[in-house]
$ cat start.cif   # mmCIF, C-alpha atoms and all ligand atoms
data_model
loop_
_atom_site.label_atom_id
_atom_site.label_comp_id
_atom_site.auth_asym_id
_atom_site.auth_seq_id
_atom_site.Cartn_x
_atom_site.Cartn_y
_atom_site.Cartn_z
CA MET A 18 -29.50 38.42 -10.16
CA ASN A 19 -30.84 37.19 -6.85
CA LEU A 20 -29.78 33.57 -6.96
CA ASP A 21 -31.14 31.33 -4.28
CA LEU A 22 -27.73 29.79 -3.72
CA LEU A 23 -26.85 27.62 -0.82
CA SER A 24 -24.07 28.80 1.45
CA GLY A 25 -20.62 27.23 1.43
CA ASP A 26 -16.95 28.08 1.42
CA THR A 27 -17.34 31.32 -0.51
CA VAL A 28 -15.91 34.78 -0.99
CA THR A 29 -18.18 37.63 -2.05
CA THR A 30 -16.78 40.20 -4.51
CA SER A 31 -17.83 43.85 -4.67
CA ALA A 32 -20.41 43.08 -7.34
CA ALA A 33 -21.47 39.83 -5.65
CA ALA A 34 -19.93 37.16 -7.86
CA ARG A 35 -19.51 34.20 -5.56
CA VAL A 36 -16.45 31.99 -5.68
CA VAL A 37 -16.96 28.25 -5.49
CA ARG A 38 -14.00 25.87 -5.28
CA GLY A 39 -15.69 22.46 -5.13
CA VAL A 40 -17.62 20.45 -7.73
CA ASP A 41 -20.33 19.38 -5.25
CA GLU A 42 -20.70 22.91 -3.95
CA LEU A 43 -21.14 24.25 -7.46
CA ARG A 44 -23.77 21.65 -8.34
CA LEU A 45 -25.62 22.45 -5.14
CA ALA A 46 -25.45 26.17 -5.82
CA LEU A 47 -26.91 25.74 -9.30
CA ALA A 48 -29.62 23.28 -8.30
CA PRO A 49 -32.38 25.85 -7.62
CA ALA A 50 -31.77 27.61 -10.95
CA ARG A 51 -31.76 24.28 -12.77
CA ARG A 52 -34.99 23.17 -11.03
CA GLU A 53 -36.67 26.39 -12.08
CA GLY A 54 -35.57 25.94 -15.69
CA ARG A 55 -33.49 29.09 -15.74
CA ALA A 56 -30.94 29.36 -18.56
CA ILE A 57 -27.41 28.76 -17.32
CA GLY A 58 -24.50 30.32 -19.24
CA LEU A 59 -20.86 29.26 -18.91
CA VAL A 60 -17.77 31.23 -19.88
CA PRO A 61 -14.70 29.01 -19.41
CA THR A 62 -11.49 31.01 -18.78
CA MET A 63 -7.97 30.59 -17.52
CA GLY A 64 -8.24 33.96 -15.81
CA PHE A 65 -6.12 37.10 -16.22
CA LEU A 66 -9.21 38.58 -17.82
CA HIS A 67 -9.09 41.15 -20.61
CA GLU A 68 -11.74 42.87 -22.72
CA GLY A 69 -12.09 39.73 -24.85
CA HIS A 70 -13.24 37.72 -21.84
CA VAL A 71 -15.41 40.58 -20.68
CA SER A 72 -17.17 40.67 -24.07
CA LEU A 73 -18.01 36.96 -23.63
CA LEU A 74 -19.28 37.61 -20.11
CA ARG A 75 -21.43 40.51 -21.29
CA ALA A 76 -22.95 38.46 -24.10
CA ALA A 77 -23.64 35.59 -21.70
CA HIS A 78 -25.10 37.92 -19.09
CA ALA A 79 -27.46 39.42 -21.66
CA GLU A 80 -28.66 36.02 -22.84
CA CYS A 81 -28.71 33.81 -19.74
CA ASP A 82 -30.48 33.92 -16.38
CA VAL A 83 -27.52 32.59 -14.42
CA LEU A 84 -23.90 33.16 -15.39
CA VAL A 85 -21.02 30.91 -14.34
CA MET A 86 -17.42 31.75 -15.18
CA SER A 87 -14.79 29.10 -14.65
CA LEU A 88 -11.33 30.28 -13.69
CA PHE A 89 -8.81 27.49 -13.99
CA VAL A 90 -5.33 27.41 -15.52
CA ASN A 91 -5.65 23.91 -16.93
CA PRO A 92 -2.31 22.08 -16.63
CA THR A 93 -3.24 19.31 -19.08
CA GLN A 94 -3.34 21.65 -22.07
CA PHE A 95 0.21 22.94 -21.53
CA GLY A 96 3.14 21.08 -23.07
CA PRO A 97 6.30 20.43 -21.03
CA ASN A 98 8.05 23.42 -22.62
CA GLU A 99 5.11 25.79 -22.37
CA ASP A 100 4.32 28.61 -19.96
CA LEU A 101 2.19 26.89 -17.28
CA ASP A 102 4.30 28.15 -14.38
CA ARG A 103 4.61 31.70 -15.62
CA TYR A 104 1.06 31.94 -17.04
CA PRO A 105 -0.23 35.28 -15.70
CA ARG A 106 -2.62 35.08 -12.75
CA ASP A 107 -4.49 37.72 -10.74
CA GLU A 108 -7.52 36.14 -9.11
CA GLU A 109 -8.54 39.17 -7.08
CA ARG A 110 -8.75 41.37 -10.17
CA ASP A 111 -10.51 38.61 -12.13
CA LEU A 112 -13.18 38.31 -9.44
CA ARG A 113 -13.78 42.04 -9.48
CA LEU A 114 -14.10 42.13 -13.29
CA ALA A 115 -16.33 39.06 -13.26
CA GLY A 116 -18.60 40.60 -10.65
CA ASP A 117 -18.81 43.83 -12.60
CA ALA A 118 -19.73 41.89 -15.76
CA GLY A 119 -22.64 40.20 -13.99
CA VAL A 120 -21.14 36.80 -13.18
CA ASP A 121 -23.16 35.03 -10.50
CA LEU A 122 -20.71 32.24 -9.71
CA VAL A 123 -17.01 31.92 -10.31
CA PHE A 124 -15.91 28.28 -10.32
CA ALA A 125 -12.23 28.36 -9.37
CA PRO A 126 -11.19 24.84 -8.39
CA ALA A 127 -7.75 23.65 -7.34
CA ALA A 128 -6.07 21.31 -9.82
CA SER A 129 -6.61 18.41 -7.40
CA GLU A 130 -10.38 19.03 -7.50
CA LEU A 131 -10.53 18.48 -11.28
CA TYR A 132 -7.68 15.98 -11.50
CA PRO A 133 -7.75 13.84 -8.36
CA ASP A 134 -5.10 11.20 -7.75
CA GLY A 135 -5.52 8.39 -10.24
CA PHE A 136 -7.22 10.56 -12.84
CA ALA A 137 -6.94 8.47 -16.02
CA THR A 138 -9.52 9.67 -18.54
CA ALA A 139 -9.23 11.94 -21.56
CA VAL A 140 -11.69 13.31 -24.08
CA GLU A 141 -10.15 13.58 -27.52
CA VAL A 142 -11.41 14.83 -30.86
CA SER A 143 -9.15 12.89 -33.21
CA GLY A 144 -8.17 13.48 -36.81
CA GLY A 145 -7.67 16.57 -38.88
CA LEU A 146 -9.23 19.07 -36.51
CA THR A 147 -6.60 18.52 -33.83
CA SER A 148 -3.50 17.49 -35.80
CA VAL A 149 -3.07 20.63 -37.90
CA LEU A 150 -2.21 24.28 -37.11
CA ASP A 151 -1.58 24.39 -33.34
CA GLY A 152 -2.22 20.64 -33.15
CA ASP A 153 0.64 19.79 -35.50
CA PRO A 154 2.98 17.53 -33.50
CA GLY A 155 5.86 19.93 -34.23
CA ARG A 156 3.91 22.76 -32.58
CA ARG A 157 1.66 22.46 -29.52
CA GLY A 158 0.51 19.03 -30.73
CA PRO A 159 -2.80 17.14 -30.41
CA GLY A 160 -2.12 16.76 -26.67
CA HIS A 161 -2.92 20.44 -26.26
CA PHE A 162 -6.42 19.95 -27.63
CA ARG A 163 -6.85 16.71 -25.65
CA GLY A 164 -6.22 18.80 -22.54
CA VAL A 165 -8.70 21.44 -23.67
CA THR A 166 -11.48 19.01 -24.57
CA THR A 167 -10.95 17.01 -21.39
CA VAL A 168 -11.29 20.02 -19.13
CA VAL A 169 -14.11 21.58 -21.15
CA ALA A 170 -16.05 18.30 -21.11
CA LYS A 171 -15.60 18.19 -17.34
CA LEU A 172 -16.78 21.80 -17.01
CA PHE A 173 -19.83 21.01 -19.17
CA ASN A 174 -20.64 18.03 -16.93
CA ILE A 175 -20.09 19.98 -13.73
CA VAL A 176 -21.94 23.19 -14.68
CA GLY A 177 -24.52 21.79 -17.10
CA PRO A 178 -24.78 25.02 -19.09
CA ASP A 179 -27.44 25.74 -21.69
CA ILE A 180 -25.02 27.97 -23.58
CA ALA A 181 -21.20 28.04 -23.46
CA TYR A 182 -19.20 30.95 -24.83
CA PHE A 183 -15.79 30.90 -26.54
CA GLY A 184 -13.74 33.45 -28.48
CA GLN A 185 -13.07 33.40 -32.21
CA LYS A 186 -9.41 34.26 -31.53
CA ASP A 187 -8.96 30.59 -30.65
CA ALA A 188 -10.72 29.52 -33.85
CA GLN A 189 -9.29 26.00 -33.86
CA GLN A 190 -10.24 25.48 -30.23
CA ALA A 191 -13.78 26.64 -31.02
CA ALA A 192 -14.03 24.24 -33.99
CA VAL A 193 -12.74 21.35 -31.86
CA ILE A 194 -15.16 22.09 -29.02
CA LYS A 195 -18.10 22.36 -31.42
CA ARG A 196 -17.18 18.96 -32.83
CA MET A 197 -16.92 17.44 -29.35
CA VAL A 198 -20.33 18.85 -28.43
CA ARG A 199 -21.85 17.41 -31.59
CA ASP A 200 -20.13 14.04 -31.36
CA LEU A 201 -20.84 13.49 -27.65
CA ASP A 202 -24.35 14.99 -27.69
CA PHE A 203 -23.74 17.56 -25.00
CA PRO A 204 -27.14 19.26 -24.59
CA LEU A 205 -25.91 22.81 -25.00
CA ARG A 206 -25.25 25.49 -27.59
CA VAL A 207 -21.75 26.81 -28.30
CA GLU A 208 -21.53 30.53 -29.03
CA VAL A 209 -18.35 31.85 -30.63
CA MET A 210 -17.90 35.58 -30.15
CA PRO A 211 -15.78 37.95 -32.29
CA THR A 212 -12.15 38.66 -31.41
CA VAL A 213 -11.70 41.86 -29.39
CA ARG A 214 -8.74 43.95 -30.51
CA GLU A 215 -6.52 46.72 -29.16
CA ALA A 216 -6.70 50.08 -30.99
CA ASP A 217 -3.86 49.02 -33.34
CA GLY A 218 -5.53 45.71 -34.16
CA LEU A 219 -3.59 43.36 -31.86
CA ALA A 220 -5.93 40.59 -30.72
CA MET A 221 -6.45 40.72 -26.97
CA SER A 222 -4.76 37.85 -25.16
CA SER A 223 -3.60 37.19 -21.63
CA ARG A 224 -0.20 36.39 -23.16
CA ASN A 225 0.20 39.95 -24.54
CA VAL A 226 1.60 40.76 -21.10
CA TYR A 227 4.79 38.94 -22.17
CA LEU A 228 5.46 41.56 -24.90
CA GLU A 229 8.20 44.14 -24.32
CA PRO A 230 7.25 47.60 -25.73
CA ALA A 231 9.17 47.22 -29.01
CA ASP A 232 7.70 43.76 -29.59
CA ARG A 233 4.26 45.02 -28.64
CA ALA A 234 4.49 47.56 -31.49
CA ARG A 235 5.70 44.89 -33.94
CA ALA A 236 2.94 42.50 -32.92
CA ALA A 237 0.31 44.74 -34.53
CA ALA A 238 1.63 43.52 -37.89
CA ILE A 239 -0.16 40.20 -37.30
CA SER A 240 -3.63 41.71 -37.57
CA ARG A 241 -2.49 43.94 -40.43
CA ALA A 242 -1.30 40.80 -42.22
CA LEU A 243 -4.65 39.10 -41.76
CA ALA A 244 -6.52 42.18 -42.96
CA ALA A 245 -4.22 42.30 -46.01
CA ALA A 246 -4.87 38.60 -46.69
CA GLU A 247 -8.60 39.13 -46.71
CA ARG A 248 -8.48 42.35 -48.74
CA GLN A 249 -6.06 41.02 -51.35
CA ALA A 250 -7.73 37.62 -51.70
CA LEU A 251 -11.12 39.20 -52.31
CA ALA A 252 -9.76 41.93 -54.61
CA THR A 253 -7.86 39.48 -56.83
CA ASP A 254 -10.04 36.40 -56.32
CA SER A 255 -6.82 34.63 -55.35
CA LEU A 256 -6.12 33.10 -51.97
CA ALA A 257 -2.44 32.77 -52.91
CA ALA A 258 -2.26 36.53 -53.48
CA GLY A 259 -3.90 37.10 -50.10
CA LEU A 260 -1.41 34.86 -48.33
CA ALA A 261 1.49 36.56 -50.14
CA ALA A 262 0.25 39.95 -48.98
CA ALA A 263 0.06 38.66 -45.41
CA ARG A 264 3.59 37.25 -45.58
CA ALA A 265 4.90 40.58 -46.87
CA GLU A 266 3.21 42.44 -44.00
CA LEU A 267 4.76 40.07 -41.45
CA ALA A 268 8.19 40.21 -43.09
CA ALA A 269 8.15 44.02 -42.96
CA ALA A 270 7.85 43.70 -39.17
CA ALA A 271 10.54 40.99 -39.06
CA ILE A 272 7.98 38.41 -37.96
CA GLU A 273 8.60 34.86 -39.14
CA PRO A 274 5.29 33.00 -38.73
CA GLU A 275 5.28 29.52 -37.22
CA TYR A 276 2.43 29.00 -39.61
CA LEU A 277 0.24 31.10 -41.88
CA GLU A 278 -2.32 28.83 -43.45
CA ALA A 279 -5.69 28.92 -45.19
CA ARG A 280 -8.14 26.18 -44.28
CA ASP A 281 -11.85 25.43 -44.49
CA ALA A 282 -13.26 27.31 -41.49
CA GLU A 283 -15.36 24.36 -40.29
CA THR A 284 -13.36 21.23 -41.11
CA LEU A 285 -9.86 22.82 -41.10
CA GLU A 286 -9.07 20.89 -44.26
CA PRO A 287 -6.52 22.62 -46.48
CA VAL A 288 -7.84 24.77 -49.33
CA ASP A 289 -5.85 26.09 -52.24
CA GLY A 290 -8.26 28.70 -53.50
CA LEU A 291 -11.47 30.53 -52.63
CA THR A 292 -13.99 27.71 -52.38
CA GLY A 293 -17.35 29.39 -51.89
CA HIS A 294 -17.20 28.38 -48.21
CA PRO A 295 -15.83 30.45 -45.32
CA ILE A 296 -12.04 30.16 -45.24
CA LEU A 297 -10.01 30.50 -42.07
CA VAL A 298 -6.66 32.21 -42.46
CA ALA A 299 -4.80 31.42 -39.25
CA VAL A 300 -1.43 32.59 -38.06
CA ALA A 301 0.86 31.78 -35.14
CA ALA A 302 4.07 33.66 -34.53
CA ARG A 303 6.55 34.15 -31.77
CA VAL A 304 7.09 37.86 -31.16
CA GLY A 305 9.70 38.45 -28.48
CA GLY A 306 8.62 36.48 -25.42
CA ALA A 307 5.08 35.75 -26.57
CA ARG A 308 3.63 33.15 -28.90
CA LEU A 309 0.65 34.85 -30.50
CA ILE A 310 -2.18 33.43 -32.58
CA ASP A 311 -4.80 35.24 -34.61
CA ASN A 312 -7.07 34.59 -37.58
CA VAL A 313 -9.55 36.01 -40.03
CA VAL A 314 -12.44 34.25 -41.72
CA ILE A 315 -12.84 35.17 -45.37
CA GLU A 316 -16.51 34.88 -46.19
CA PRO A 317 -17.41 34.02 -49.80
CA PRO A 318 -18.32 37.19 -51.71
CA GLY A 319 -22.08 37.70 -51.59
CA GLY A 320 -22.34 34.81 -49.10
O1 LIG B 1 -9.42 29.34 -24.02
C1 LIG B 1 -9.08 29.11 -22.85
O2 LIG B 1 -8.86 30.01 -22.05
C2 LIG B 1 -8.90 27.65 -22.42
O3 LIG B 1 -8.40 26.87 -23.44
C3 LIG B 1 -10.20 27.05 -21.85
C4 LIG B 1 -11.29 26.96 -22.91
C5 LIG B 1 -10.69 27.87 -20.67
C6 LIG B 1 -9.93 25.62 -21.36
O4 LIG B 1 -8.96 25.59 -20.37
#
$ encode --input "start.cif" --output "structure tokens" --more "lines below"
Ligand code: PAF
Amino acid sequence: MNLDLLSGDTVTTSAAARVVRGVDELRLALAPARREGRAIGLVPTMGFLHEGHVSLLRAAHAECDVLVMSLFVNPTQFGPNEDLDRYPRDEERDLRLAGDAGVDLVFAPAASELYPDGFATAVEVSGGLTSVLDGDPGRRGPGHFRGVTTVVAKLFNIVGPDIAYFGQKDAQQAAVIKRMVRDLDFPLRVEVMPTVREADGLAMSSRNVYLEPADRARAAAISRALAAAERQALATDSLAAGLAAARAELAAAAIEPEYLEARDAETLEPVDGLTGHPILVAVAARVGGARLIDNVVIEPPGG
């Protein structure tokens, strides 16, 4: 992509992704593409890229004329006891991978650029979407999603994408962002791409780096549990049987889930049986030093 971008405080990677640190600089850089009506894609990330991110970048690159990746470890979505300080970071590697995947611009602001002194505004999707599963106050809490929606709304305003890409691994986050986009009339489309997995089924995550080898092997039980839930629920026409199969799979690997729940895939309302609508079975579990989440969507038979 030969973008007619204006010069600024930039670094050029091997495959020519350009790093932009400032909001004004990014807007200026995108102005020619916007004027010419080219489709702008955005892949928001917190960096430490893995194949899951790369699959989003590839999809965006195939569909959009100009591809922006944001790289920002967003402090407002981390709770006081979470891993903000030790969250893995490797900007140089991220820039290389982004360039190789066809990213035109990497927006990598400092925290003070997005949250200047006196910052006092939040974007919040309230209600059931953000108070259950990870949003349960006993877990990460609704404040986590307030942090996500605030930063994502800012990124949407700064980049002005036509299409924004998110991963299905963070199914609740995707549902919350879709609701925010609908409720606040952001003029863009949200694409949710399938979870990318390791050979043994473990969902790719930047946090997998926290797993010691023995825990890494145990962690594969999470995806086996979700597969068992889907298989058993469909075979017996019983969601309860599916959840029991998942619990057994986790217990065999000595994994005590923080939650393992079945909910309507769109509204996240609880369901107690197969409803004829897609059902999200979501799990969170601490395995050694990592808190892992994963999910499967059980589609209605014949649906
Ligand atoms: O999914 C993530 O990596 C983050 O929650 C996001 C969407 C980049 C917002 O910080």
$ atom_distance --input "start.cif" --atom1 "CA of His294 (chain A)" --atom2 "CA of Ser72 (chain A)"
27.1 Å
$ atom_distance --input "start.cif" --atom1 "CA of Phe136 (chain A)" --atom2 "CA of Arg224 (chain A)"
28.7 Å
$ closest_residue --input "start.cif" --among "A:Pro317, A:Gly158, A:Gly164, A:Gly144" --to "ligand LIG 1 (chain B)" --atoms "all atoms listed in the file"
A:Gly164
$ closest_atom_pairs --input "start.cif" --of "chain A" --to "ligand LIG 1 (chain B)" --cutoff "6 Å" --atoms "all atoms listed in the file" --output "JSON lines"
{"residue": "A:Pro61", "atom": "CA", "partner": "B:LIG1", "partner_atom": "C5", "distance": 4.4}
{"residue": "A:Thr62", "atom": "CA", "partner": "B:LIG1", "partner_atom": "C5", "distance": 3.8}
{"residue": "A:Met63", "atom": "CA", "partner": "B:LIG1", "partner_atom": "O2", "distance": 4.7}
{"residue": "A:Asn91", "atom": "CA", "partner": "B:LIG1", "partner_atom": "O4", "distance": 5.1}
{"residue": "A:Val165", "atom": "CA", "partner": "B:LIG1", "partner_atom": "C6", "distance": 4.9}
{"residue": "A:Val169", "atom": "CA", "partner": "B:LIG1", "partner_atom": "C6", "distance": 5.8}
$ residues_around --input "start.cif" --residues "region 173-178 of chain A" --least-positions-apart "5" --cutoff "8 Å" --atoms "all atoms listed in the file" --output "PyMOL selection string"
chain A and resi 40+43-44+47+56-59+85+203+205
$ atom_distance --input "start.cif" --atom1 "CA of Cys81 (chain A)" --atom2 "CA of Gly69 (chain A)"
18.4 Å
$ residues_around --input "start.cif" --residues "Arg163 (chain A)" --least-positions-apart "3" --cutoff "7 Å" --atoms "only C-alpha atoms" --output "mmCIF file with C-alpha atoms, in the coordinates of the input"
data_model
loop_
_atom_site.group_PDB
_atom_site.id
_atom_site.type_symbol
_atom_site.label_atom_id
_atom_site.label_comp_id
_atom_site.auth_asym_id
_atom_site.auth_seq_id
_atom_site.Cartn_x
_atom_site.Cartn_y
_atom_site.Cartn_z
ATOM 1 C CA ALA A 139 -9.230 11.940 -21.560
ATOM 2 C CA VAL A 140 -11.690 13.310 -24.080
ATOM 3 C CA GLU A 141 -10.150 13.580 -27.520
ATOM 4 C CA PRO A 159 -2.800 17.140 -30.410
ATOM 5 C CA GLY A 160 -2.120 16.760 -26.670
ATOM 6 C CA THR A 166 -11.480 19.010 -24.570
ATOM 7 C CA THR A 167 -10.950 17.010 -21.390
#
$ closest_residue --input "start.cif" --among "A:Pro211, A:Gly305, A:Gly155, A:Gly135" --to "Ala271 (chain A)" --atoms "all atoms listed in the file"
A:Gly305
